[in-house]
file entry_8.cif (mmCIF, C-alpha atoms)
data_run
#
loop_
_atom_site.group_PDB
_atom_site.id
_atom_site.type_symbol
_atom_site.label_atom_id
_atom_site.label_comp_id
_atom_site.auth_asym_id
_atom_site.auth_seq_id
_atom_site.Cartn_x
_atom_site.Cartn_y
_atom_site.Cartn_z
ATOM 1 C CA MET G 1 -22.029 20.406 3.359
ATOM 2 C CA HIS G 2 -23.358 19.883 6.900
ATOM 3 C CA ARG G 3 -19.790 19.549 8.151
ATOM 4 C CA CYS G 4 -18.820 22.880 6.550
ATOM 5 C CA ILE G 5 -21.838 24.603 8.057
ATOM 6 C CA LYS G 6 -21.025 23.153 11.451
ATOM 7 C CA ARG G 7 -17.424 24.403 11.308
ATOM 8 C CA LEU G 8 -18.506 27.849 10.161
ATOM 9 C CA GLY G 9 -21.123 27.972 12.867
ATOM 10 C CA GLN G 10 -18.515 27.122 15.502
ATOM 11 C CA GLY G 11 -16.276 29.859 14.147
ATOM 12 C CA LEU G 12 -19.090 32.382 14.487
ATOM 13 C CA GLN G 13 -19.816 31.549 18.135
ATOM 14 C CA ASN G 14 -17.270 34.142 19.312
ATOM 15 C CA THR G 15 -18.617 36.925 17.124
ATOM 16 C CA ALA G 16 -21.629 37.909 19.235
ATOM 17 C CA GLY G 17 -22.413 41.592 19.025
ATOM 18 C CA THR G 18 -20.735 42.036 15.603
ATOM 19 C CA LYS G 19 -22.755 43.835 12.944
ATOM 20 C CA TYR G 20 -22.901 42.091 9.570
ATOM 21 C CA TRP G 21 -24.114 43.516 6.291
ATOM 22 C CA LEU G 22 -26.038 40.963 4.225
ATOM 23 C CA LEU G 23 -25.319 41.988 0.646
ATOM 24 C CA ASN G 24 -27.891 39.517 -0.666
ATOM 25 C CA GLU G 25 -30.676 40.675 1.675
ATOM 26 C CA PRO G 26 -33.650 41.876 -0.409
ATOM 27 C CA MET G 27 -34.253 45.536 0.464
ATOM 28 C CA SER G 28 -38.030 45.019 0.095
ATOM 29 C CA LEU G 29 -38.118 42.297 2.738
ATOM 30 C CA ALA G 30 -36.022 43.663 5.560
ATOM 31 C CA PRO G 31 -34.624 46.883 7.010
ATOM 32 C CA ARG G 32 -31.039 47.796 6.193
ATOM 33 C CA PHE G 33 -29.808 46.335 9.439
ATOM 34 C CA TRP G 34 -31.206 43.542 11.524
ATOM 35 C CA SER G 35 -31.860 43.910 15.223
ATOM 36 C CA TRP G 36 -28.450 42.471 16.101
ATOM 37 C CA ASP G 37 -29.177 42.337 19.824
ATOM 38 C CA HIS G 38 -31.638 39.512 19.128
ATOM 39 C CA ILE G 39 -29.930 37.378 16.478
ATOM 40 C CA SER G 40 -27.323 34.718 17.069
ATOM 41 C CA PRO G 41 -24.426 33.985 14.719
ATOM 42 C CA LEU G 42 -26.021 30.640 13.864
ATOM 43 C CA GLN G 43 -29.274 32.407 12.915
ATOM 44 C CA LEU G 44 -27.246 34.745 10.750
ATOM 45 C CA LEU G 45 -25.643 31.756 9.014
ATOM 46 C CA THR G 46 -29.023 30.102 8.505
ATOM 47 C CA ARG G 47 -30.516 33.312 7.066
ATOM 48 C CA THR G 48 -27.584 33.695 4.655
ATOM 49 C CA TRP G 49 -28.035 30.144 3.308
ATOM 50 C CA GLU G 50 -31.786 30.723 3.002
ATOM 51 C CA LEU G 51 -31.100 33.703 0.772
ATOM 52 C CA ARG G 52 -28.621 31.798 -1.372
ATOM 53 C CA LEU G 53 -31.134 28.942 -1.806
ATOM 54 C CA GLY G 54 -33.869 31.398 -2.759
ATOM 55 C CA VAL G 55 -35.869 31.072 0.463
ATOM 56 C CA CYS G 56 -37.013 34.573 1.441
ATOM 57 C CA PRO G 57 -39.510 34.461 4.323
ATOM 58 C CA ARG G 58 -40.992 37.695 5.590
ATOM 59 C CA VAL G 59 -38.628 39.332 8.040
ATOM 60 C CA PRO G 60 -40.285 40.840 11.127
ATOM 61 C CA ALA G 61 -39.453 44.397 12.026
ATOM 62 C CA PRO G 62 -36.989 44.865 14.897
ATOM 63 C CA GLN G 63 -38.756 45.145 18.238
ATOM 64 C CA ALA G 64 -36.037 46.826 20.222
ATOM 65 C CA THR G 65 -34.641 50.298 19.691
ATOM 66 C CA PRO G 66 -30.859 50.723 19.476
ATOM 67 C CA PRO G 67 -29.142 51.952 22.623
ATOM 68 C CA GLY G 68 -28.112 55.541 23.077
ATOM 69 C CA PRO G 69 -29.886 58.896 22.831
ATOM 70 C CA ARG G 70 -32.393 59.365 20.024
ATOM 71 C CA ARG G 71 -33.020 62.992 19.243
ATOM 72 C CA GLY G 72 -36.429 64.242 18.266
ATOM 73 C CA ARG G 73 -38.339 61.058 19.167
ATOM 74 C CA GLY G 74 -40.958 60.194 21.706
ATOM 75 C CA PRO G 75 -43.159 62.518 23.722
ATOM 76 C CA ALA G 76 -40.206 64.299 25.303
ATOM 77 C CA ASP G 77 -40.281 68.031 25.755
ATOM 78 C CA ALA G 78 -39.829 69.930 22.478
ATOM 79 C CA THR G 79 -37.092 72.074 23.971
ATOM 80 C CA VAL G 80 -35.027 69.018 24.796
ATOM 81 C CA GLY G 81 -35.424 67.742 21.209
ATOM 82 C CA THR G 82 -34.134 71.071 19.876
ATOM 83 C CA MET G 83 -31.143 71.018 22.211
ATOM 84 C CA ARG G 84 -30.201 67.578 20.955
ATOM 85 C CA GLN G 85 -29.999 68.696 17.347
ATOM 86 C CA PRO G 86 -26.431 68.672 15.997
ATOM 87 C CA ALA G 87 -24.951 72.009 15.055
ATOM 88 C CA VAL G 88 -23.639 72.888 11.593
ATOM 89 C CA ARG G 89 -21.490 75.965 11.122
ATOM 90 C CA LEU G 90 -22.796 78.268 8.400
ATOM 91 C CA VAL G 91 -20.150 79.902 6.210
ATOM 92 C CA CYS G 92 -21.499 82.345 3.609
ATOM 93 C CA LEU G 93 -18.684 83.435 1.316
ATOM 94 C CA GLY G 94 -20.622 85.667 -1.048
ATOM 95 C CA ARG G 95 -19.291 85.905 -4.608
ATOM 96 C CA VAL G 96 -15.818 84.370 -4.626
ATOM 97 C CA PRO G 97 -13.549 82.498 -7.052
ATOM 98 C CA TYR G 98 -14.297 78.785 -7.218
ATOM 99 C CA ALA G 99 -10.767 78.006 -6.043
ATOM 100 C CA GLU G 100 -11.437 79.837 -2.770
ATOM 101 C CA LEU G 101 -14.428 77.605 -2.084
ATOM 102 C CA LEU G 102 -12.331 74.492 -2.750
ATOM 103 C CA GLY G 103 -9.580 75.732 -0.446
ATOM 104 C CA LEU G 104 -11.976 76.321 2.443
ATOM 105 C CA GLN G 105 -13.604 72.954 1.784
ATOM 106 C CA ASP G 106 -10.221 71.209 2.056
ATOM 107 C CA ARG G 107 -9.492 72.925 5.371
ATOM 108 C CA TRP G 108 -12.801 71.764 6.825
ATOM 109 C CA LEU G 109 -12.172 68.262 5.530
ATOM 110 C CA ARG G 110 -8.836 68.074 7.311
ATOM 111 C CA ARG G 111 -10.413 69.425 10.478
ATOM 112 C CA LEU G 112 -13.188 66.825 10.562
ATOM 113 C CA GLN G 113 -10.871 63.970 9.575
ATOM 114 C CA ALA G 114 -8.613 64.828 12.509
ATOM 115 C CA GLU G 115 -11.470 64.576 15.016
ATOM 116 C CA PRO G 116 -12.491 61.288 16.673
ATOM 117 C CA GLY G 117 -14.896 59.337 14.516
ATOM 118 C CA ILE G 118 -17.570 58.738 17.125
ATOM 119 C CA GLU G 119 -21.202 59.676 17.429
ATOM 120 C CA ALA G 120 -21.323 63.242 18.622
ATOM 121 C CA PRO G 121 -22.905 64.133 21.958
ATOM 122 C CA SER G 122 -25.760 66.605 22.118
ATOM 123 C CA GLY G 123 -24.941 69.991 20.614
ATOM 124 C CA THR G 124 -21.633 68.966 19.034
ATOM 125 C CA GLU G 125 -20.841 70.403 15.625
ATOM 126 C CA ALA G 126 -21.321 68.039 12.692
ATOM 127 C CA GLY G 127 -19.343 70.145 10.222
ATOM 128 C CA ALA G 128 -19.888 73.187 8.041
ATOM 129 C CA LEU G 129 -22.259 74.377 5.341
ATOM 130 C CA LEU G 130 -20.292 76.361 2.754
ATOM 131 C CA LEU G 131 -22.346 78.652 0.511
ATOM 132 C CA CYS G 132 -21.163 80.918 -2.274
ATOM 133 C CA GLU G 133 -21.787 82.300 -5.746
ATOM 134 C CA PRO G 134 -18.964 81.657 -8.242
ATOM 135 C CA ALA G 135 -17.251 84.851 -9.353
ATOM 136 C CA GLY G 136 -16.422 83.533 -12.826
ATOM 137 C CA PRO G 137 -17.241 80.751 -15.281
ATOM 138 C CA VAL G 138 -15.863 77.334 -14.312
ATOM 139 C CA TYR G 139 -16.290 73.914 -15.897
ATOM 140 C CA THR G 140 -15.677 70.986 -13.593
ATOM 141 C CA ALA G 141 -15.238 67.278 -14.310
ATOM 142 C CA GLY G 142 -16.001 64.558 -11.776
ATOM 143 C CA LEU G 143 -14.472 61.204 -10.959
ATOM 144 C CA ARG G 144 -15.993 59.722 -14.111
ATOM 145 C CA GLY G 145 -14.305 62.317 -16.273
ATOM 146 C CA GLY G 146 -16.439 63.961 -18.908
ATOM 147 C CA LEU G 147 -13.938 66.245 -20.630
ATOM 148 C CA THR G 148 -11.274 65.257 -23.143
ATOM 149 C CA PRO G 149 -8.024 67.246 -23.466
ATOM 150 C CA GLU G 150 -9.377 68.775 -26.677
ATOM 151 C CA GLU G 151 -12.611 69.821 -24.972
ATOM 152 C CA THR G 152 -10.665 71.249 -22.053
ATOM 153 C CA ALA G 153 -8.591 73.409 -24.389
ATOM 154 C CA ARG G 154 -11.726 74.553 -26.229
ATOM 155 C CA LEU G 155 -13.492 75.555 -23.012
ATOM 156 C CA ARG G 156 -10.470 77.461 -21.741
ATOM 157 C CA ALA G 157 -10.375 79.335 -25.039
ATOM 158 C CA LEU G 158 -13.874 80.593 -24.196
ATOM 159 C CA GLY G 159 -12.438 82.284 -21.109
ATOM 160 C CA ALA G 160 -13.607 79.713 -18.592
ATOM 161 C CA GLU G 161 -11.628 77.920 -15.928
ATOM 162 C CA VAL G 162 -11.546 74.127 -16.122
ATOM 163 C CA ARG G 163 -10.993 71.962 -13.059
ATOM 164 C CA VAL G 164 -10.969 68.250 -12.284
ATOM 165 C CA THR G 165 -12.631 67.556 -8.944
ATOM 166 C CA GLY G 166 -13.093 64.530 -6.724
ATOM 167 C CA ARG G 167 -16.882 64.579 -6.746
ATOM 168 C CA GLY G 168 -19.111 62.033 -8.394
ATOM 169 C CA GLY G 169 -20.585 62.548 -11.835
ATOM 170 C CA LEU G 170 -19.364 63.994 -15.113
ATOM 171 C CA ALA G 171 -18.904 67.531 -16.446
ATOM 172 C CA THR G 172 -20.982 70.519 -15.412
ATOM 173 C CA PHE G 173 -20.773 74.295 -15.250
ATOM 174 C CA HIS G 174 -20.546 76.758 -12.360
ATOM 175 C CA GLY G 175 -20.785 80.496 -12.713
ATOM 176 C CA PRO G 176 -22.299 83.792 -11.562
ATOM 177 C CA GLY G 177 -25.973 83.596 -10.687
ATOM 178 C CA GLN G 178 -25.611 80.086 -9.284
ATOM 179 C CA LEU G 179 -25.940 79.005 -5.661
ATOM 180 C CA LEU G 180 -23.173 76.591 -4.699
ATOM 181 C CA CYS G 181 -23.766 74.591 -1.547
ATOM 182 C CA HIS G 182 -20.921 72.411 -0.227
ATOM 183 C CA PRO G 183 -21.839 70.676 3.056
ATOM 184 C CA VAL G 184 -18.703 69.306 4.716
ATOM 185 C CA LEU G 185 -20.353 67.007 7.227
ATOM 186 C CA ASP G 186 -19.619 63.992 9.367
ATOM 187 C CA LEU G 187 -22.675 61.933 8.467
ATOM 188 C CA ARG G 188 -22.377 59.839 11.625
ATOM 189 C CA ARG G 189 -23.131 62.901 13.732
ATOM 190 C CA LEU G 190 -26.302 63.501 11.743
ATOM 191 C CA GLY G 191 -27.397 59.875 11.734
ATOM 192 C CA LEU G 192 -27.268 59.758 7.927
ATOM 193 C CA ARG G 193 -25.893 57.476 5.269
ATOM 194 C CA LEU G 194 -24.580 58.643 1.904
ATOM 195 C CA ARG G 195 -27.754 57.871 -0.046
ATOM 196 C CA MET G 196 -29.814 59.703 2.560
ATOM 197 C CA HIS G 197 -27.441 62.674 2.311
ATOM 198 C CA VAL G 198 -27.882 62.889 -1.475
ATOM 199 C CA ALA G 199 -31.657 62.552 -1.105
ATOM 200 C CA SER G 200 -31.617 65.310 1.533
ATOM 201 C CA LEU G 201 -29.738 67.661 -0.802
ATOM 202 C CA GLU G 202 -32.333 66.988 -3.493
ATOM 203 C CA ALA G 203 -35.112 67.608 -0.974
ATOM 204 C CA CYS G 204 -33.587 70.982 -0.039
ATOM 205 C CA ALA G 205 -33.553 72.092 -3.671
ATOM 206 C CA VAL G 206 -37.082 70.798 -4.275
ATOM 207 C CA ARG G 207 -38.337 72.628 -1.198
ATOM 208 C CA LEU G 208 -36.654 75.855 -2.322
ATOM 209 C CA CYS G 209 -38.295 75.594 -5.749
ATOM 210 C CA GLU G 210 -41.674 75.029 -4.103
ATOM 211 C CA LEU G 211 -41.202 78.083 -1.913
ATOM 212 C CA GLN G 212 -40.468 80.071 -5.083
ATOM 213 C CA GLY G 213 -43.719 78.863 -6.648
ATOM 214 C CA LEU G 214 -42.386 75.987 -8.780
ATOM 215 C CA GLN G 215 -44.558 73.144 -7.531
ATOM 216 C CA ASP G 216 -43.505 70.729 -10.293
ATOM 217 C CA ALA G 217 -39.871 70.428 -9.162
ATOM 218 C CA ARG G 218 -38.957 66.778 -8.694
ATOM 219 C CA ALA G 219 -35.963 64.602 -7.892
ATOM 220 C CA ARG G 220 -35.333 61.696 -10.248
ATOM 221 C CA PRO G 221 -33.465 58.393 -9.798
ATOM 222 C CA PRO G 222 -29.924 57.838 -11.135
ATOM 223 C CA PRO G 223 -28.503 58.598 -13.604
ATOM 224 C CA TYR G 224 -30.756 61.655 -13.407
ATOM 225 C CA THR G 225 -29.595 62.689 -9.946
ATOM 226 C CA GLY G 226 -30.576 66.262 -9.203
ATOM 227 C CA VAL G 227 -33.757 68.339 -9.371
ATOM 228 C CA TRP G 228 -35.803 68.675 -12.528
ATOM 229 C CA LEU G 229 -38.735 70.526 -14.037
ATOM 230 C CA ASP G 230 -39.939 68.029 -16.638
ATOM 231 C CA ASP G 231 -36.801 67.338 -18.728
ATOM 232 C CA ARG G 232 -34.994 70.510 -17.640
ATOM 233 C CA LYS G 233 -32.463 70.291 -14.833
ATOM 234 C CA ILE G 234 -32.443 73.214 -12.452
ATOM 235 C CA CYS G 235 -30.110 71.802 -9.802
ATOM 236 C CA ALA G 236 -27.094 69.520 -10.266
ATOM 237 C CA ILE G 237 -25.777 67.355 -7.432
ATOM 238 C CA GLY G 238 -22.376 65.710 -7.113
ATOM 239 C CA VAL G 239 -20.819 64.681 -3.811
ATOM 240 C CA ARG G 240 -17.791 62.943 -2.428
ATOM 241 C CA CYS G 241 -17.676 60.917 0.773
ATOM 242 C CA GLY G 242 -14.677 59.423 2.506
ATOM 243 C CA ARG G 243 -14.651 57.982 6.024
ATOM 244 C CA HIS G 244 -18.249 59.206 6.466
ATOM 245 C CA ILE G 245 -17.238 62.826 5.744
ATOM 246 C CA THR G 246 -18.835 64.556 2.775
ATOM 247 C CA SER G 247 -17.697 67.322 0.461
ATOM 248 C CA HIS G 248 -18.988 69.086 -2.670
ATOM 249 C CA GLY G 249 -22.769 69.225 -2.957
ATOM 250 C CA LEU G 250 -25.275 71.030 -5.173
ATOM 251 C CA ALA G 251 -25.385 73.820 -7.736
ATOM 252 C CA LEU G 252 -28.736 75.572 -8.153
ATOM 253 C CA ASN G 253 -29.282 77.848 -11.147
ATOM 254 C CA CYS G 254 -30.811 81.139 -10.015
ATOM 255 C CA SER G 255 -29.934 83.649 -12.738
ATOM 256 C CA THR G 256 -27.149 81.687 -14.407
ATOM 257 C CA ASP G 257 -26.225 82.428 -18.028
ATOM 258 C CA LEU G 258 -27.449 79.110 -19.456
ATOM 259 C CA THR G 259 -25.566 79.525 -22.734
ATOM 260 C CA TRP G 260 -22.433 78.251 -20.976
ATOM 261 C CA PHE G 261 -24.078 74.821 -20.773
ATOM 262 C CA GLU G 262 -24.330 74.665 -24.569
ATOM 263 C CA HIS G 263 -20.599 73.924 -24.846
ATOM 264 C CA ILE G 264 -20.806 70.616 -22.935
ATOM 265 C CA VAL G 265 -23.156 67.707 -22.368
ATOM 266 C CA PRO G 266 -24.212 68.540 -18.784
ATOM 267 C CA CYS G 267 -23.671 65.533 -16.534
ATOM 268 C CA GLY G 268 -23.349 63.387 -19.668
ATOM 269 C CA LEU G 269 -27.137 63.323 -20.186
ATOM 270 C CA VAL G 270 -27.901 63.602 -23.888
ATOM 271 C CA GLY G 271 -31.291 64.993 -24.863
ATOM 272 C CA THR G 272 -31.975 66.880 -21.649
ATOM 273 C CA GLY G 273 -31.929 70.593 -20.994
ATOM 274 C CA VAL G 274 -31.086 73.039 -18.227
ATOM 275 C CA THR G 275 -33.082 75.845 -16.717
ATOM 276 C CA SER G 276 -32.976 78.403 -13.903
ATOM 277 C CA LEU G 277 -35.283 80.039 -11.419
ATOM 278 C CA SER G 278 -35.168 83.268 -13.416
ATOM 279 C CA LYS G 279 -36.142 81.506 -16.650
ATOM 280 C CA GLU G 280 -38.997 79.573 -15.061
ATOM 281 C CA LEU G 281 -40.391 82.500 -13.063
ATOM 282 C CA GLN G 282 -39.839 85.053 -15.844
ATOM 283 C CA ARG G 283 -38.087 87.460 -13.506
ATOM 284 C CA HIS G 284 -34.558 88.018 -12.210
ATOM 285 C CA VAL G 285 -33.885 85.832 -9.166
ATOM 286 C CA THR G 286 -30.627 86.450 -7.320
ATOM 287 C CA VAL G 287 -28.610 84.131 -5.128
ATOM 288 C CA GLU G 288 -29.164 86.517 -2.213
ATOM 289 C CA GLU G 289 -32.929 86.181 -2.610
ATOM 290 C CA VAL G 290 -32.985 82.395 -2.368
ATOM 291 C CA MET G 291 -30.438 82.079 0.422
ATOM 292 C CA PRO G 292 -32.863 82.534 3.398
ATOM 293 C CA PRO G 293 -35.484 80.019 2.204
ATOM 294 C CA PHE G 294 -32.722 77.554 1.314
ATOM 295 C CA LEU G 295 -31.341 77.745 4.852
ATOM 296 C CA VAL G 296 -34.815 77.163 6.280
ATOM 297 C CA ALA G 297 -35.180 74.065 4.112
ATOM 298 C CA PHE G 298 -31.705 72.809 5.077
ATOM 299 C CA LYS G 299 -32.414 73.086 8.808
ATOM 300 C CA GLU G 300 -35.758 71.333 8.473
ATOM 301 C CA ILE G 301 -34.512 68.473 6.325
ATOM 302 C CA TYR G 302 -31.173 67.861 8.086
ATOM 303 C CA LYS G 303 -32.719 68.478 11.519
ATOM 304 C CA CYS G 304 -29.807 70.616 12.631
ATOM 305 C CA THR G 305 -29.021 74.026 14.069
ATOM 306 C CA LEU G 306 -27.056 76.488 11.955
ATOM 307 C CA ILE G 307 -24.410 78.624 13.677
ATOM 308 C CA SER G 308 -22.967 81.610 11.841
ATOM 309 C CA GLU G 309 -19.239 81.587 11.272
ATOM 310 C CA ASP G 310 -18.832 84.929 13.058
ATOM 311 C CA SER G 311 -20.882 83.774 16.063
ATOM 312 C CA PRO G 312 -18.960 83.978 19.397
ATOM 313 C CA ASN G 313 -20.551 80.646 20.355
#
call {"tool": "encode", "arguments": {"input": "entry_8.cif", "output": "structure tokens"}}
result
Amino acid sequence: MHRCIKRLGQGLQNTAGTKYWLLNEPMSLAPRFWSWDHISPLQLLTRTWELRLGVCPRVPAPQATPPGPRRGRGPADATVGTMRQPAVRLVCLGRVPYAELLGLQDRWLRRLQAEPGIEAPSGTEAGALLLCEPAGPVYTAGLRGGLTPEETARLRALGAEVRVTGRGGLATFHGPGQLLCHPVLDLRRLGLRLRMHVASLEACAVRLCELQGLQDARARPPPYTGVWLDDRKICAIGVRCGRHITSHGLALNCSTDLTWFEHIVPCGLVGTGVTSLSKELQRHVTVEEVMPPFLVAFKEIYKCTLISEDSPN
């Protein structure tokens, strides 16, 4: 055993500076990444064997900050912190067919995938925020399916469109009175990981509900991803991420006709219900009404600057 460790240790001597992900590292004992500037390959090997043998000493927090600019930190001038915020292009489509949203999303995906995958300098665009209200009823299935051929035929007979998408999750409904938000973002330029992106989307919807007077809106852990009021889901979330670039996003019920949800099991969650802002507030709430507060929440939570699509800059 000692001979194997010695050989592996010698093989790691030339890997200084490489970042390793310890899959067995307890999340409650250490940050997601170690401070790799202060750990040798042999220490990495020793730590890995400690974990496999069940030895989990307390891991000290990293003392050094990673190199490179860090926006919004330290006592620097507030103006400088604002200038360092990444920019996201805002594209408001209004009420459009769902297929038009998907087409624009694909074009932005190709654009971001063609750009160099490096951390963006100050002020560089991180992608686009696509917002719209579906013009007609659409049922969508995610990567996990959710609709059988028989169910698909039945839903189309109701006059709805049925589409299979590349997002996570199962079947859900999109239609008039619903705010669709599809951020097409390079997460590296925002300093985010996928789980943080999903949590940020939930936080945006929770913040919007709070601004509308619904203080009980909460995000719940998987498989109940989304935003809830007790056992009633008001916002569904399903995303896709490839090469750090996201697509799809959230669907928030404003004045949606909730009877469309009765023909499916939304997100595959039996025994739960759906609701809308209009139903909870007992008044008609339009997508146009919630758009400004949603954008305020998005900028605050993603720490970005929004640039209108028609802006000359």
call {"tool": "resolve_selection", "arguments": {"input": "entry_8.cif", "expression": "the PyMOL selection byres ((chain G and resi 131-135) around 10)", "output": "number ranges by chain"}}
result
G: 90-101, 128-130, 136-138, 174-183, 250-252, 286-288, 291
call {"tool": "closest_residue", "arguments": {"input": "entry_8.cif", "among": "G:Leu281, G:Ala160, G:Leu170, G:Leu258", "to": "G:Arg144", "atoms": "all atoms listed in the file"}}
result
G:Leu170
call {"tool": "residues_around", "arguments": {"input": "entry_8.cif", "residues": "G:Cys235", "least_positions_apart": "3", "cutoff": "10 Å", "atoms": "all atoms listed in the file", "output": "ChimeraX atom specification"}}
result
/G:178-180,201-202,205-206,209,217,219,225-229,232,250-254,274-277
call {"tool": "closest_residue", "arguments": {"input": "entry_8.cif", "among": "G:Trp108, G:Tyr139, G:Tyr302, G:Phe294", "to": "G:Arg193", "atoms": "all atoms listed in the file"}}
result
G:Tyr302
call {"tool": "atom_distance", "arguments": {"input": "entry_8.cif", "atom1": "atom CA of G:Val270", "atom2": "atom CA of G:Gly168"}}
result
17.9 Å
call {"tool": "atom_distance", "arguments": {"input": "entry_8.cif", "atom1": "atom CA of G:Ile264", "atom2": "atom CA of G:Ser200"}}
result
27.3 Å
call {"tool": "atom_distance", "arguments": {"input": "entry_8.cif", "atom1": "atom CA of G:Thr152", "atom2": "atom CA of G:Thr272"}}
result
21.8 Å
call {"tool": "resolve_selection", "arguments": {"input": "entry_8.cif", "expression": "the PyMOL selection byres ((chain G and resi 127) around 6)", "output": "number ranges by chain"}}
result
G: 88, 125-126, 128, 184-185
